[in-house]
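K.L.:
You'll find model25.cif just under this line, and it carries mmCIF, C-alpha atoms and all ligand atoms.
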```
data_target
loop_
_atom_site.label_atom_id
_atom_site.label_comp_id
_atom_site.auth_asym_id
_atom_site.auth_seq_id
_atom_site.Cartn_x
_atom_site.Cartn_y
_atom_site.Cartn_z
CA MET G 1 52.34 15.20 25.85
CA ASN G 2 52.38 15.51 22.10
CA ILE G 3 54.81 17.80 20.26
CA SER G 4 53.25 17.61 16.83
CA ARG G 5 55.99 19.77 15.31
CA LEU G 6 59.19 21.40 16.47
CA ARG G 7 61.27 23.35 13.98
CA ILE G 8 64.48 25.19 14.82
CA ARG G 9 66.41 27.20 12.28
CA THR G 10 69.12 29.79 11.92
CA GLN G 11 68.94 32.29 9.05
CA GLN G 12 71.13 29.98 7.01
CA LYS G 13 69.96 26.53 7.93
CA GLU G 14 67.20 24.32 9.30
CA LEU G 15 68.67 22.47 12.30
CA VAL G 16 65.70 20.54 13.69
CA ASP G 17 62.32 19.49 12.30
CA ILE G 18 60.82 16.73 14.44
CA SER G 19 57.68 15.52 16.19
CA PHE G 20 57.38 13.26 19.22
CA ASN G 21 54.95 12.08 21.86
CA ILE G 22 55.80 11.64 25.54
CA SER G 23 53.20 9.28 26.94
CA SER G 24 55.28 8.41 30.00
CA SER G 25 59.04 8.29 29.38
CA LEU G 26 60.65 9.02 26.03
CA ALA G 27 64.33 8.69 25.12
CA LEU G 28 65.42 11.07 22.38
CA VAL G 29 68.49 9.32 21.05
CA GLY G 30 71.01 10.38 18.42
CA GLN G 31 74.66 10.89 17.69
CA SER G 32 76.51 14.11 18.39
CA GLY G 33 75.03 17.02 16.44
CA SER G 34 71.66 15.32 15.86
CA GLY G 35 69.73 18.08 17.65
CA LYS G 36 69.16 16.69 21.14
CA SER G 37 70.39 19.70 23.14
CA LEU G 38 68.64 22.18 20.85
CA THR G 39 65.37 20.31 21.39
CA ILE G 40 65.73 20.63 25.17
CA LYS G 41 66.68 24.31 24.89
CA ALA G 42 63.68 24.92 22.65
CA LEU G 43 61.28 23.34 25.17
CA LEU G 44 62.83 25.48 27.91
CA ASN G 45 62.60 28.54 25.63
CA MET G 46 66.36 29.05 25.97
CA LEU G 47 67.55 28.94 22.38
CA PRO G 48 70.20 31.47 21.27
CA GLU G 49 68.70 34.66 19.85
CA SER G 50 70.13 33.80 16.44
CA MET G 51 67.68 30.88 16.18
CA LYS G 52 63.98 30.84 15.40
CA MET G 53 61.63 28.13 16.52
CA GLU G 54 58.13 27.03 15.74
CA ILE G 55 56.42 24.66 18.09
CA GLU G 56 53.01 22.99 18.03
CA HIS G 57 51.89 20.97 21.05
CA ASP G 58 48.75 19.96 22.93
CA SER G 59 46.92 22.97 24.24
CA ASP G 60 46.51 21.66 27.81
CA PHE G 61 50.25 21.64 28.46
CA GLU G 62 51.93 24.96 29.11
CA LEU G 63 55.72 24.89 28.60
CA ALA G 64 56.99 26.91 31.56
CA ALA G 65 60.60 26.41 32.67
CA GLY G 66 60.89 26.08 36.45
CA GLU G 67 57.14 25.49 36.76
CA THR G 68 55.65 22.75 34.59
CA LEU G 69 59.11 21.86 33.26
CA ALA G 70 62.19 20.90 35.24
CA PHE G 71 65.67 20.30 33.90
CA VAL G 72 68.47 18.00 35.04
CA PRO G 73 71.70 18.85 33.21
CA GLN G 74 74.58 16.65 32.22
CA ASN G 75 77.16 17.68 34.75
CA PRO G 76 76.13 17.93 38.43
CA PHE G 77 79.62 19.24 39.33
CA THR G 78 78.92 22.52 37.52
CA ALA G 79 75.16 22.72 38.15
CA LEU G 80 75.41 24.22 41.64
CA SER G 81 77.09 27.30 43.02
CA PRO G 82 80.29 25.91 44.69
CA LEU G 83 80.59 28.41 47.54
CA THR G 84 76.97 28.35 48.67
CA LYS G 85 75.78 25.73 51.15
CA ILE G 86 73.42 23.19 49.58
CA LYS G 87 70.49 24.29 51.79
CA ARG G 88 70.77 27.87 50.46
CA GLN G 89 70.40 26.75 46.84
CA PHE G 90 66.76 25.73 47.18
CA PHE G 91 63.85 28.15 46.96
CA VAL G 92 61.44 26.16 49.12
CA SER G 93 61.03 25.79 52.90
CA GLN G 94 63.58 23.86 54.99
CA GLU G 95 60.85 21.32 55.78
CA ARG G 96 60.19 20.77 52.09
CA ILE G 97 63.93 20.43 51.35
CA LYS G 98 64.25 17.75 54.03
CA LYS G 99 61.31 15.85 52.53
CA LEU G 100 62.85 16.12 49.05
CA PHE G 101 66.19 14.90 50.42
CA SER G 102 64.58 11.83 51.91
CA GLU G 103 62.75 11.16 48.61
CA VAL G 104 66.03 11.18 46.66
CA GLY G 105 67.83 9.10 49.31
CA LEU G 106 70.11 11.79 50.76
CA ASP G 107 71.02 12.33 54.41
CA GLU G 108 69.79 15.76 55.53
CA GLY G 109 73.21 16.39 57.12
CA LEU G 110 74.47 17.08 53.59
CA LEU G 111 72.37 20.27 53.52
CA GLU G 112 75.05 21.96 55.63
CA ARG G 113 77.81 21.14 53.15
CA PHE G 114 79.20 22.95 50.08
CA PRO G 115 78.82 21.24 46.66
CA PRO G 116 82.55 20.33 46.27
CA GLU G 117 82.18 18.27 49.48
CA LEU G 118 79.71 15.85 47.80
CA SER G 119 80.28 12.99 45.34
CA GLY G 120 78.97 13.16 41.76
CA GLY G 121 76.12 10.77 42.58
CA GLN G 122 75.14 12.81 45.66
CA LEU G 123 75.26 16.05 43.67
CA GLN G 124 73.06 14.61 40.95
CA ARG G 125 70.54 13.58 43.65
CA VAL G 126 70.59 17.19 44.93
CA VAL G 127 69.91 18.43 41.39
CA ILE G 128 67.05 15.94 41.04
CA ALA G 129 65.62 17.11 44.40
CA MET G 130 65.75 20.68 43.05
CA ALA G 131 64.02 19.58 39.86
CA LEU G 132 61.23 18.00 41.91
CA SER G 133 60.78 20.97 44.20
CA HIS G 134 58.26 22.70 41.91
CA GLU G 135 56.28 19.52 41.22
CA PRO G 136 56.90 19.56 37.46
CA ARG G 137 54.73 17.73 34.94
CA LEU G 138 57.72 16.97 32.73
CA ILE G 139 61.40 16.50 33.59
CA LEU G 140 63.96 17.08 30.84
CA LEU G 141 67.12 15.08 31.39
CA ASP G 142 70.19 15.93 29.33
CA GLU G 143 72.59 12.95 29.64
CA PRO G 144 72.28 13.20 33.45
CA THR G 145 74.57 10.27 34.16
CA THR G 146 77.49 10.78 31.77
CA ALA G 147 79.66 12.42 34.41
CA LEU G 148 79.08 9.53 36.84
CA ASP G 149 80.74 6.14 37.33
CA PRO G 150 78.76 3.11 36.02
CA GLN G 151 77.42 2.10 39.44
CA SER G 152 76.15 5.60 40.30
CA ARG G 153 74.72 5.83 36.78
CA VAL G 154 72.46 2.83 37.28
CA LEU G 155 71.46 3.98 40.79
CA ILE G 156 70.44 7.42 39.48
CA LEU G 157 68.42 5.92 36.62
CA ASP G 158 66.67 3.55 39.04
CA LEU G 159 65.96 6.48 41.37
CA LEU G 160 64.42 8.49 38.52
CA LYS G 161 62.20 5.55 37.63
CA SER G 162 60.93 5.09 41.16
CA LEU G 163 60.38 8.85 41.60
CA GLN G 164 58.42 8.84 38.37
CA SER G 165 56.12 6.09 39.58
CA GLU G 166 55.66 7.94 42.89
CA PHE G 167 55.04 11.44 41.48
CA GLY G 168 53.74 10.74 37.99
CA PHE G 169 55.81 13.28 36.05
CA LYS G 170 56.73 12.55 32.44
CA ILE G 171 60.33 12.13 31.32
CA LEU G 172 62.15 13.30 28.20
CA PHE G 173 65.61 11.77 28.36
CA VAL G 174 68.15 13.01 25.84
CA THR G 175 71.11 10.70 25.30
CA HIS G 176 73.35 8.88 22.85
CA ASP G 177 73.58 5.97 25.30
CA MET G 178 71.14 3.18 24.48
CA ASN G 179 71.95 1.34 27.70
CA SER G 180 70.73 4.22 29.85
CA ALA G 181 67.80 4.86 27.52
CA LYS G 182 66.73 1.24 27.88
CA ILE G 183 66.83 1.34 31.69
CA LEU G 184 64.76 4.51 32.01
CA CYS G 185 62.37 4.78 29.07
CA GLU G 186 59.39 2.95 27.63
CA ASP G 187 59.51 4.73 24.28
CA ILE G 188 62.27 5.94 22.00
CA CYS G 189 62.63 8.46 19.19
CA VAL G 190 65.84 8.19 17.16
CA ILE G 191 67.02 11.40 15.52
CA LYS G 192 69.75 12.21 13.01
CA ASN G 193 70.62 15.63 11.63
CA GLY G 194 67.49 17.11 13.20
CA LYS G 195 65.07 14.58 11.68
CA VAL G 196 63.26 11.58 13.16
CA ILE G 197 64.68 8.34 11.81
CA GLU G 198 62.35 6.00 13.69
CA SER G 199 60.26 5.96 16.86
CA GLY G 200 58.18 3.55 18.91
CA LYS G 201 58.32 1.22 21.90
CA MET G 202 61.86 0.80 23.26
CA LYS G 203 61.70 -2.99 23.28
CA ASP G 204 60.47 -3.16 19.67
CA ILE G 205 63.16 -0.84 18.36
CA LEU G 206 65.94 -2.55 20.30
CA HIS G 207 64.86 -5.94 18.99
CA ASN G 208 64.05 -4.86 15.48
CA PRO G 209 65.67 -1.57 14.46
CA GLN G 210 64.62 -0.45 10.99
CA SER G 211 67.56 1.79 10.11
CA GLU G 212 71.31 1.24 9.90
CA TYR G 213 71.79 4.39 11.98
CA THR G 214 69.79 2.91 14.89
CA LYS G 215 71.65 -0.40 14.57
CA VAL G 216 74.97 1.43 14.85
CA LEU G 217 73.77 3.29 17.96
CA ILE G 218 72.63 0.04 19.54
CA ASP G 219 75.78 -1.92 18.62
CA ALA G 220 78.13 0.87 19.75
CA ASN G 221 76.55 1.02 23.16
CA PHE G 222 75.95 -2.61 23.84
CA ALA G 223 79.43 -3.61 22.72
CA SER G 224 81.24 -1.00 24.79
CA ARG G 225 79.40 -1.21 28.11
CA SER G 226 79.46 -3.99 30.60
CA PHE G 227 76.65 -2.92 32.95
CA ARG G 228 73.12 -4.26 32.79
CA VAL G 229 72.62 -4.86 29.06
N1 LIG P 1 74.51 28.23 18.65
C1 LIG P 1 74.48 27.52 17.50
N2 LIG P 1 74.59 28.16 16.30
C2 LIG P 1 74.54 27.47 15.14
N3 LIG P 1 74.39 26.12 15.07
C3 LIG P 1 74.28 25.44 16.24
C4 LIG P 1 74.33 26.10 17.50
N4 LIG P 1 74.17 25.16 18.48
C5 LIG P 1 74.07 23.96 17.84
N5 LIG P 1 74.13 24.14 16.50
C6 LIG P 1 74.04 23.08 15.48
O1 LIG P 1 72.78 22.42 15.62
C7 LIG P 1 72.94 21.03 15.38
C8 LIG P 1 72.38 20.25 16.58
O2 LIG P 1 73.19 20.57 17.72
P1 LIG P 1 72.88 19.97 19.18
O3 LIG P 1 73.79 20.70 20.13
O4 LIG P 1 71.43 20.02 19.46
O5 LIG P 1 73.37 18.45 19.02
P2 LIG P 1 73.36 17.27 20.09
O6 LIG P 1 72.60 16.14 19.47
O7 LIG P 1 72.90 17.77 21.41
O8 LIG P 1 74.92 16.88 20.15
P3 LIG P 1 75.83 16.44 21.42
O9 LIG P 1 75.43 15.01 21.72
O10 LIG P 1 77.23 16.53 20.88
O11 LIG P 1 75.56 17.40 22.54
C9 LIG P 1 74.42 20.77 15.13
O12 LIG P 1 74.62 20.72 13.73
C10 LIG P 1 75.09 22.00 15.72
O13 LIG P 1 76.29 22.30 15.03
#
```
Could you quickly redo this structure as structure tokens?
Ligand SMILES: Nc1ncnc2c1ncn2[C@@H]1O[C@H](COP(=O)(O)OP(=O)(O)OP(=O)(O)O)[C@@H](O)[C@H]1O
P.N.:
Amino acid sequence: MNISRLRIRTQQKELVDISFNISSSLALVGQSGSGKSLTIKALLNMLPESMKMEIEHDSDFELAAGETLAFVPQNPFTALSPLTKIKRQFFVSQERIKKLFSEVGLDEGLLERFPPELSGGQLQRVVIAMALSHEPRLILLDEPTTALDPQSRVLILDLLKSLQSEFGFKILFVTHDMNSAKILCEDICVIKNGKVIESGKMKDILHNPQSEYTKVLIDANFASRSFRV
């Protein structure tokens, strides 16, 4: 999927002006304030009313939140309604929910529980099952593992990878964490202040970053994390 131009502006200021291509899995990486969340909101058509956007993309891909597009947010603890049983938070048949639960590695007994009775990793699997329930063509992931411990983080990223090879959806993964980006994505687009700094194959950019900004992102992450680098 090719986004040949995405511009987001307020009356006062241009916040984002980027282009990117999602051939299979793309990490959109940048420091805080670089425009990652706004990009996701723009694709979901959920920008604040004070902002205007212009978007150009391939004509065969309709951007429809909850249909062609699914979204997995940062914090699974706040993504679900706490006082509603898990099974009541899906809008598909019980049979389909059970199938989705087995695909994300969850015991169907958890369907009878309330969200606060599950761990962060289990909750994120529930959210991923929900994202899959409409058979999306593209899943938008906004730092989906930041609220998790390192072990659950790697398990969730591995799960997303295997689900992707099973179902064939594309992934846009927004993060400042190069370690996670490296595990999940084949391609990377580095952004700063709403502009693309560099983009290409993940392995090429990790081995040979062209900008100081990318080097800092790589060094910060690889120096501070101990898991699978
Ligand atoms: N509602 C808003 N009104 C005006 N400016 C905004 C609004 N939301 C975000 N911005 C600005 O847009 C720019 C990009 O913000 P965005 O939230 O997309 O960054 P981000 O890369 O997701 O950062 P983080 O990693 O901290 O979530 C920032 O300069 C931010 O201050």
K.L.:
If you count only C-alpha atoms, which residues fall within 6 Å of region 155-171 of chain G, apart from same-chain ones fewer than 6 positions away, as a count of residues only?
P.N.:
5
K.L.:
Tell me which protein, DNA and RNA residues are within 10 Å of region 126-130 of chain G, counting all atoms listed in the file, leaving out same-chain ones fewer than 3 positions away, and put them as a ChimeraX atom specification.
P.N.:
/G:66,70-73,75-77,79-80,86-87,89-92,97-106,110-111,115,118,120-123,133-135,139,141,144,156,159-160,163
K.L.:
Could you pull out the residues sitting within 9 Å of ligand LIG 1 (chain P), using all atoms listed in the file, and write them as a ChimeraX atom specification?
P.N.:
/G:8-10,13-16,29-41,47-51,142-143,174-176,191-194
K.L.:
Create the file for the chosen residues now, containing C-alpha atoms and written as a compact mmCIF listing (two decimals), in the coordinates of the input.
P.N.:
```
# COMPACT_ATOMS: atom_id res chain seq x y z
CA ILE G 8 64.48 25.19 14.82
CA ARG G 9 66.41 27.20 12.28
CA THR G 10 69.12 29.79 11.92
CA LYS G 13 69.96 26.53 7.93
CA GLU G 14 67.20 24.32 9.30
CA LEU G 15 68.67 22.47 12.30
CA VAL G 16 65.70 20.54 13.69
CA VAL G 29 68.49 9.32 21.05
CA GLY G 30 71.01 10.38 18.42
CA GLN G 31 74.66 10.89 17.69
CA SER G 32 76.51 14.11 18.39
CA GLY G 33 75.03 17.02 16.44
CA SER G 34 71.66 15.32 15.86
CA GLY G 35 69.73 18.08 17.65
CA LYS G 36 69.16 16.69 21.14
CA SER G 37 70.39 19.70 23.14
CA LEU G 38 68.64 22.18 20.85
CA THR G 39 65.37 20.31 21.39
CA ILE G 40 65.73 20.63 25.17
CA LYS G 41 66.68 24.31 24.89
CA LEU G 47 67.55 28.94 22.38
CA PRO G 48 70.20 31.47 21.27
CA GLU G 49 68.70 34.66 19.85
CA SER G 50 70.13 33.80 16.44
CA MET G 51 67.68 30.88 16.18
CA ASP G 142 70.19 15.93 29.33
CA GLU G 143 72.59 12.95 29.64
CA VAL G 174 68.15 13.01 25.84
CA THR G 175 71.11 10.70 25.30
CA HIS G 176 73.35 8.88 22.85
CA ILE G 191 67.02 11.40 15.52
CA LYS G 192 69.75 12.21 13.01
CA ASN G 193 70.62 15.63 11.63
CA GLY G 194 67.49 17.11 13.20
```
K.L.:
For a quick check of understanding, using all atoms listed in the file, which of G:Asn179, G:Gln210, G:Ser4, G:Thr68 has the smallest distance to Pro136 (chain G)?
P.N.:
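Closest to Pro136 (chain G) of all the choices is G:Thr68.
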K.L.:
Could you work out an axis-aligned bounding box for all listed atoms of region 93-104 of chain G, with 3 Å added on each of the six sides, and give its centre and edge lengths in Å to one decimal, as lines of an AutoDock Vina configuration file?
P.N.:
```
center_x = 63.2
center_y = 18.5
center_z = 51.2
size_x = 12.0
size_y = 20.6
size_z = 15.1
```
K.L.:
Quick one: distance from CA of Ser119 (chain G) to CA of Ala147 (chain G) in Å, one decimal?
P.N.:
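These atoms are spaced 11.0 Å apart.
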K.L.:
Find the residues near Met202 (chain G): any atom within 8 Å, counting only C-alpha atoms, skip ones fewer than 2 places away on the same chain, and give them as a CSV table (one decimal) with C-alpha atoms, in the coordinates of the input.
P.N.:
```csv
chain,number,residue,atom,x,y,z
G,182,LYS,CA,66.7,1.2,27.9
G,185,CYS,CA,62.4,4.8,29.1
G,186,GLU,CA,59.4,3.0,27.6
G,187,ASP,CA,59.5,4.7,24.3
G,188,ILE,CA,62.3,5.9,22.0
G,200,GLY,CA,58.2,3.6,18.9
G,204,ASP,CA,60.5,-3.2,19.7
G,205,ILE,CA,63.2,-0.8,18.4
G,206,LEU,CA,65.9,-2.6,20.3
```
K.L.:
So the first atom is CA of Asn45 (chain G) and the second is CA of Gln74 (chain G); what is the distance between them in Å, to one decimal place?
P.N.:
18.1 Å
K.L.:
Work out how far CA of Val196 (chain G) is from CA of Lys52 (chain G), in Å to one decimal.
P.N.:
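It comes out at 19.4 Å.
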K.L.:
Mind dumping region 53-135 of chain G from that block, keeping C-alpha atoms, as a JSON list (two decimals), in the first residue's frame?
P.N.:
```json
[["chain", "number", "residue", "atom", "x", "y", "z"],
["G", 53, "MET", "CA", -5.36, 16.55, 6.17],
["G", 54, "GLU", "CA", -4.61, 15.75, 2.57],
["G", 55, "ILE", "CA", -3.93, 12.17, 1.64],
["G", 56, "GLU", "CA", -3.01, 10.52, -1.64],
["G", 57, "HIS", "CA", -2.85, 6.72, -1.82],
["G", 58, "ASP", "CA", -3.37, 3.84, -4.24],
["G", 59, "SER", "CA", -6.90, 3.76, -5.53],
["G", 60, "ASP", "CA", -7.49, 0.05, -4.84],
["G", 61, "PHE", "CA", -7.16, 0.47, -1.08],
["G", 62, "GLU", "CA", -10.07, 2.01, 0.77],
["G", 63, "LEU", "CA", -9.15, 3.39, 4.21],
["G", 64, "ALA", "CA", -12.07, 2.27, 6.37],
["G", 65, "ALA", "CA", -11.55, 2.04, 10.13],
["G", 66, "GLY", "CA", -12.99, -1.19, 11.57],
["G", 67, "GLU", "CA", -13.23, -2.71, 8.09],
["G", 68, "THR", "CA", -10.09, -2.65, 5.96],
["G", 69, "LEU", "CA", -8.12, -1.09, 8.83],
["G", 70, "ALA", "CA", -7.70, -2.41, 12.36],
["G", 71, "PHE", "CA", -5.99, -0.68, 15.24],
["G", 72, "VAL", "CA", -4.06, -2.03, 18.22],
["G", 73, "PRO", "CA", -3.41, 0.74, 20.74],
["G", 74, "GLN", "CA", -0.55, 1.23, 23.15],
["G", 75, "ASN", "CA", -2.21, 0.31, 26.40],
["G", 76, "PRO", "CA", -4.31, -2.88, 26.55],
["G", 77, "PHE", "CA", -5.29, -2.07, 30.17],
["G", 78, "THR", "CA", -7.42, 0.86, 28.99],
["G", 79, "ALA", "CA", -8.51, -0.53, 25.61],
["G", 80, "LEU", "CA", -11.39, -2.63, 26.96],
["G", 81, "SER", "CA", -14.44, -1.81, 29.03],
["G", 82, "PRO", "CA", -13.48, -3.04, 32.56],
["G", 83, "LEU", "CA", -16.93, -4.09, 33.77],
["G", 84, "THR", "CA", -18.01, -6.00, 30.66],
["G", 85, "LYS", "CA", -17.08, -9.66, 30.26],
["G", 86, "ILE", "CA", -14.53, -10.24, 27.49],
["G", 87, "LYS", "CA", -17.00, -12.29, 25.40],
["G", 88, "ARG", "CA", -19.45, -9.34, 25.31],
["G", 89, "GLN", "CA", -16.84, -6.99, 23.83],
["G", 90, "PHE", "CA", -16.71, -8.72, 20.45],
["G", 91, "PHE", "CA", -19.20, -8.10, 17.65],
["G", 92, "VAL", "CA", -18.88, -11.51, 16.00],
["G", 93, "SER", "CA", -20.38, -14.92, 16.77],
["G", 94, "GLN", "CA", -19.26, -16.95, 19.81],
["G", 95, "GLU", "CA", -17.87, -19.58, 17.41],
["G", 96, "ARG", "CA", -15.78, -16.96, 15.64],
["G", 97, "ILE", "CA", -14.53, -15.54, 18.96],
["G", 98, "LYS", "CA", -13.39, -19.00, 20.05],
["G", 99, "LYS", "CA", -11.53, -19.47, 16.77],
["G", 100, "LEU", "CA", -9.89, -16.05, 17.16],
["G", 101, "PHE", "CA", -8.91, -16.91, 20.74],
["G", 102, "SER", "CA", -7.21, -20.09, 19.62],
["G", 103, "GLU", "CA", -5.38, -18.16, 16.86],
["G", 104, "VAL", "CA", -3.95, -15.68, 19.38],
["G", 105, "GLY", "CA", -3.08, -18.43, 21.87],
["G", 106, "LEU", "CA", -5.72, -17.71, 24.53],
["G", 107, "ASP", "CA", -7.74, -20.23, 26.52],
["G", 108, "GLU", "CA", -11.44, -19.79, 25.76],
["G", 109, "GLY", "CA", -12.17, -19.91, 29.51],
["G", 110, "LEU", "CA", -10.91, -16.31, 29.63],
["G", 111, "LEU", "CA", -14.01, -15.22, 27.66],
["G", 112, "GLU", "CA", -16.02, -15.43, 30.88],
["G", 113, "ARG", "CA", -13.69, -13.06, 32.73],
["G", 114, "PHE", "CA", -13.60, -9.27, 33.14],
["G", 115, "PRO", "CA", -10.58, -7.37, 31.70],
["G", 116, "PRO", "CA", -8.99, -6.53, 35.11],
["G", 117, "GLU", "CA", -8.76, -10.30, 35.72],
["G", 118, "LEU", "CA", -6.28, -10.74, 32.81],
["G", 119, "SER", "CA", -2.56, -9.97, 32.55],
["G", 120, "GLY", "CA", -1.25, -7.26, 30.21],
["G", 121, "GLY", "CA", -0.03, -9.87, 27.71],
["G", 122, "GLN", "CA", -3.39, -11.67, 27.76],
["G", 123, "LEU", "CA", -5.26, -8.39, 27.31],
["G", 124, "GLN", "CA", -3.11, -7.42, 24.35],
["G", 125, "ARG", "CA", -3.89, -10.82, 22.78],
["G", 126, "VAL", "CA", -7.61, -10.08, 23.27],
["G", 127, "VAL", "CA", -7.16, -6.71, 21.56],
["G", 128, "ILE", "CA", -5.29, -8.40, 18.69],
["G", 129, "ALA", "CA", -8.11, -10.98, 18.38],
["G", 130, "MET", "CA", -10.57, -8.06, 18.14],
["G", 131, "ALA", "CA", -8.41, -6.40, 15.49],
["G", 132, "LEU", "CA", -8.46, -9.62, 13.45],
["G", 133, "SER", "CA", -12.18, -10.17, 13.77],
["G", 134, "HIS", "CA", -13.03, -8.06, 10.69],
["G", 135, "GLU", "CA", -10.27, -9.58, 8.55]]
```
